[in-house]
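> Supplied structure: upload.pdb, PDB, C-alpha atoms.
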```
ATOM      1  CA  MET A  21      82.686  67.652 106.336
ATOM      2  CA  LYS A  22      82.969  65.233 103.455
ATOM      3  CA  GLU A  23      80.911  62.573 105.204
ATOM      4  CA  ASN A  24      77.976  64.699 106.365
ATOM      5  CA  ASP A  25      74.699  64.719 104.474
ATOM      6  CA  VAL A  26      74.530  68.471 103.889
ATOM      7  CA  SER A  27      74.905  70.250 100.562
ATOM      8  CA  MET A  28      77.869  72.599 100.599
ATOM      9  CA  PHE A  29      79.576  75.018  98.289
ATOM     10  CA  ILE A  30      82.648  77.207  98.561
ATOM     11  CA  GLY A  31      82.205  80.856  97.679
ATOM     12  CA  VAL A  32      85.030  82.924  96.249
ATOM     13  CA  GLY A  33      85.115  86.444  94.857
ATOM     14  CA  GLU A  34      85.861  87.320  91.238
ATOM     15  CA  TRP A  35      88.654  89.624  92.365
ATOM     16  CA  ALA A  36      90.395  86.834  94.281
ATOM     17  CA  LEU A  37      90.183  84.507  91.287
ATOM     18  CA  LYS A  38      91.420  87.160  88.861
ATOM     19  CA  HIS A  39      94.399  88.012  91.065
ATOM     20  CA  LYS A  40      95.096  84.400  92.086
ATOM     21  CA  THR A  41      95.087  85.251  95.786
ATOM     22  CA  TRP A  42      95.646  82.775  98.582
ATOM     23  CA  LEU A  43      91.883  82.937  99.255
ATOM     24  CA  ALA A  44      91.158  81.648  95.757
ATOM     25  CA  ARG A  45      93.784  78.926  96.040
ATOM     26  CA  ALA A  46      92.441  77.846  99.430
ATOM     27  CA  ALA A  47      88.889  77.746  98.044
ATOM     28  CA  GLY A  48      89.966  75.481  95.203
ATOM     29  CA  ILE A  49      91.854  73.114  97.480
ATOM     30  CA  LEU A  50      89.004  72.893  99.978
ATOM     31  CA  ALA A  51      86.371  72.324  97.282
ATOM     32  CA  GLU A  52      88.449  69.559  95.749
ATOM     33  CA  ARG A  53      89.073  67.839  99.071
ATOM     34  CA  ILE A  54      85.466  67.859 100.232
ATOM     35  CA  GLY A  55      83.996  67.337  96.776
ATOM     36  CA  CYS A  56      81.828  70.412  96.397
ATOM     37  CA  ASP A  57      81.326  73.174  93.856
ATOM     38  CA  ILE A  58      82.956  76.573  93.880
ATOM     39  CA  VAL A  59      80.575  79.475  93.407
ATOM     40  CA  THR A  60      81.989  82.743  92.120
ATOM     41  CA  PHE A  61      80.598  85.847  93.777
ATOM     42  CA  PRO A  62      80.905  89.322  92.271
ATOM     43  CA  GLY A  63      83.620  91.574  93.555
ATOM     44  CA  HIS A  64      86.040  90.988  96.386
ATOM     45  CA  HIS A  65      86.081  89.350  99.821
ATOM     46  CA  GLY A  66      83.740  91.943 101.342
ATOM     47  CA  SER A  67      81.629  92.669  98.265
ATOM     48  CA  PHE A  68      78.442  91.733 100.090
ATOM     49  CA  MET A  69      78.738  95.170 101.692
ATOM     50  CA  ASP A  70      79.290  97.335  98.605
ATOM     51  CA  MET A  71      77.398  95.300  95.978
ATOM     52  CA  PRO A  72      74.693  93.616  98.048
ATOM     53  CA  GLU A  73      72.174  93.203  95.216
ATOM     54  CA  LYS A  74      74.597  91.397  92.906
ATOM     55  CA  TRP A  75      75.961  89.296  95.762
ATOM     56  CA  ALA A  76      72.474  88.362  96.988
ATOM     57  CA  SER A  77      71.438  87.360  93.476
ATOM     58  CA  VAL A  78      74.246  84.797  93.267
ATOM     59  CA  LEU A  79      73.461  83.488  96.740
ATOM     60  CA  ARG A  80      69.754  83.153  95.923
ATOM     61  CA  ASP A  81      70.584  81.233  92.745
ATOM     62  CA  VAL A  82      72.780  78.806  94.671
ATOM     63  CA  LEU A  83      70.264  78.279  97.457
ATOM     64  CA  ASN A  84      67.423  77.756  94.973
ATOM     65  CA  ARG A  85      69.537  75.263  93.043
ATOM     66  CA  GLU A  86      70.155  73.285  96.233
ATOM     67  CA  GLN A  87      66.433  73.106  97.025
ATOM     68  CA  LYS A  88      65.527  71.462  93.704
TER      69      LYS A  88
END
```
Please rewrite the model in this file as structure tokens.

Amino acid sequence: MKENDVSMFIGVGEWALKHKTWLARAAGILAERIGCDIVTFPGHHGSFMDMPEKWASVLRDVLNREQK
């Protein structure tokens, strides 16, 4: 993953970060090891289902940033 020529980011939910879950810890470790950014998404692990507009806004911002 580290050696490919593709832009990557690790997404993690605000809830996971706030509560220091294993998902948040794993995201931090993976991002550090492959040298990519962590992007914080609103809500929890499945927030794309109950807050789709907020979640999509963050995703659009990240994808637009990568295209520049």
> So that I can see what lies close to region 41-47 of chain A, please list as a PyMOL selection string the residues with an atom at most 7 Å from it, counting all atoms listed in the file and leaving out residues fewer than 4 positions away in the same chain.
chain A and resi 30+32+36-37+51
> Please tabulate, as CSV, the residues of region 21-44 of chain A that come within 12 Å of region 75-82 of chain A, each with its closest pair of atoms and the distance in Å to one decimal, counting all atoms listed in the file and ordering rows by chain, then residue number upward.

```
residue,atom,partner,partner_atom,distance
A:Ser27,CA,A:Val82,CA,10.6
A:Met28,CA,A:Val82,CA,10.0
A:Phe29,CA,A:Val82,CA,8.6
A:Ile30,CA,A:Val82,CA,10.7
A:Gly31,CA,A:Leu79,CA,9.2
A:Val32,CA,A:Trp75,CA,11.1
A:Gly33,CA,A:Trp75,CA,9.6
A:Glu34,CA,A:Trp75,CA,11.1
```
> Work out how far apart CA of His65 (chain A) and CA of Trp35 (chain A) are and give it in Å to one decimal.
7.9 Å
> Using only C-alpha atoms, pick whichever of A:Gly48, A:Gly66, A:Pro72, A:Gly55 has the shortest atom-to-atom distance to Val26 (chain A).
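The shortest atom-to-atom distance to Val26 (chain A) comes from A:Gly55.
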> What is the distance, in Å and to one decimal place, between CA of Lys74 (chain A) and CA of Asp25 (chain A)?
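So the answer is 29.1 Å.
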> What gap, in Å, lies between CA of Leu50 (chain A) and CA of Lys22 (chain A)?
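Between CA of Leu50 (chain A) and CA of Lys22 (chain A) the gap is 10.4 Å.
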> Missing atoms in region 51-77 of chain A: can you complete it with N, CA and C atoms, as a CSV table (one decimal), keeping the file's coordinate frame?

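File produced: result-v7.csv:
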```
chain,number,residue,atom,x,y,z
A,51,ALA,N,87.4,72.9,98.1
A,51,ALA,CA,86.4,72.3,97.3
A,51,ALA,C,86.8,71.0,96.7
A,52,GLU,N,88.0,70.8,96.3
A,52,GLU,CA,88.4,69.6,95.7
A,52,GLU,C,88.5,68.5,96.8
A,53,ARG,N,89.0,68.8,98.0
A,53,ARG,CA,89.1,67.8,99.1
A,53,ARG,C,87.7,67.4,99.6
A,54,ILE,N,86.8,68.3,99.7
A,54,ILE,CA,85.5,67.9,100.2
A,54,ILE,C,84.5,67.5,99.1
A,55,GLY,N,84.8,67.7,97.9
A,55,GLY,CA,84.0,67.3,96.8
A,55,GLY,C,82.8,68.2,96.6
A,56,CYS,N,83.0,69.5,96.6
A,56,CYS,CA,81.8,70.4,96.4
A,56,CYS,C,82.2,71.4,95.3
A,57,ASP,N,81.2,72.2,94.9
A,57,ASP,CA,81.3,73.2,93.9
A,57,ASP,C,81.9,74.5,94.4
A,58,ILE,N,82.5,75.2,93.6
A,58,ILE,CA,83.0,76.6,93.9
A,58,ILE,C,82.0,77.5,93.2
A,59,VAL,N,81.5,78.5,93.9
A,59,VAL,CA,80.6,79.5,93.4
A,59,VAL,C,81.3,80.8,93.4
A,60,THR,N,81.3,81.5,92.2
A,60,THR,CA,82.0,82.7,92.1
A,60,THR,C,81.0,83.9,92.4
A,61,PHE,N,81.4,84.7,93.4
A,61,PHE,CA,80.6,85.8,93.8
A,61,PHE,C,81.2,87.1,93.2
A,62,PRO,N,80.4,88.1,92.9
A,62,PRO,CA,80.9,89.3,92.3
A,62,PRO,C,81.8,90.1,93.3
A,63,GLY,N,82.8,90.7,92.7
A,63,GLY,CA,83.6,91.6,93.6
A,63,GLY,C,84.7,90.9,94.3
A,64,HIS,N,84.9,91.4,95.5
A,64,HIS,CA,86.0,91.0,96.4
A,64,HIS,C,85.5,90.3,97.6
A,65,HIS,N,86.4,90.1,98.6
A,65,HIS,CA,86.1,89.4,99.8
A,65,HIS,C,84.9,90.0,100.6
A,66,GLY,N,84.8,91.3,100.6
A,66,GLY,CA,83.7,91.9,101.3
A,66,GLY,C,82.7,92.6,100.4
A,67,SER,N,82.5,92.0,99.2
A,67,SER,CA,81.6,92.7,98.3
A,67,SER,C,80.2,92.6,98.7
A,68,PHE,N,79.8,91.8,99.6
A,68,PHE,CA,78.4,91.7,100.1
A,68,PHE,C,78.0,93.1,100.7
A,69,MET,N,79.0,93.9,101.1
A,69,MET,CA,78.7,95.2,101.7
A,69,MET,C,78.6,96.3,100.7
A,70,ASP,N,79.4,96.2,99.6
A,70,ASP,CA,79.3,97.3,98.6
A,70,ASP,C,78.6,97.0,97.3
A,71,MET,N,78.2,95.7,97.1
A,71,MET,CA,77.4,95.3,96.0
A,71,MET,C,76.4,94.3,96.4
A,72,PRO,N,75.6,94.6,97.4
A,72,PRO,CA,74.7,93.6,98.0
A,72,PRO,C,73.7,93.0,97.1
A,73,GLU,N,73.2,93.8,96.1
A,73,GLU,CA,72.2,93.2,95.2
A,73,GLU,C,72.8,92.1,94.3
A,74,LYS,N,73.9,92.4,93.8
A,74,LYS,CA,74.6,91.4,92.9
A,74,LYS,C,75.0,90.2,93.7
A,75,TRP,N,75.5,90.4,94.9
A,75,TRP,CA,76.0,89.3,95.8
A,75,TRP,C,74.8,88.4,96.2
A,76,ALA,N,73.7,89.1,96.6
A,76,ALA,CA,72.5,88.4,97.0
A,76,ALA,C,71.9,87.6,95.8
A,77,SER,N,72.0,88.1,94.6
A,77,SER,CA,71.4,87.4,93.5
A,77,SER,C,72.2,86.0,93.3
```
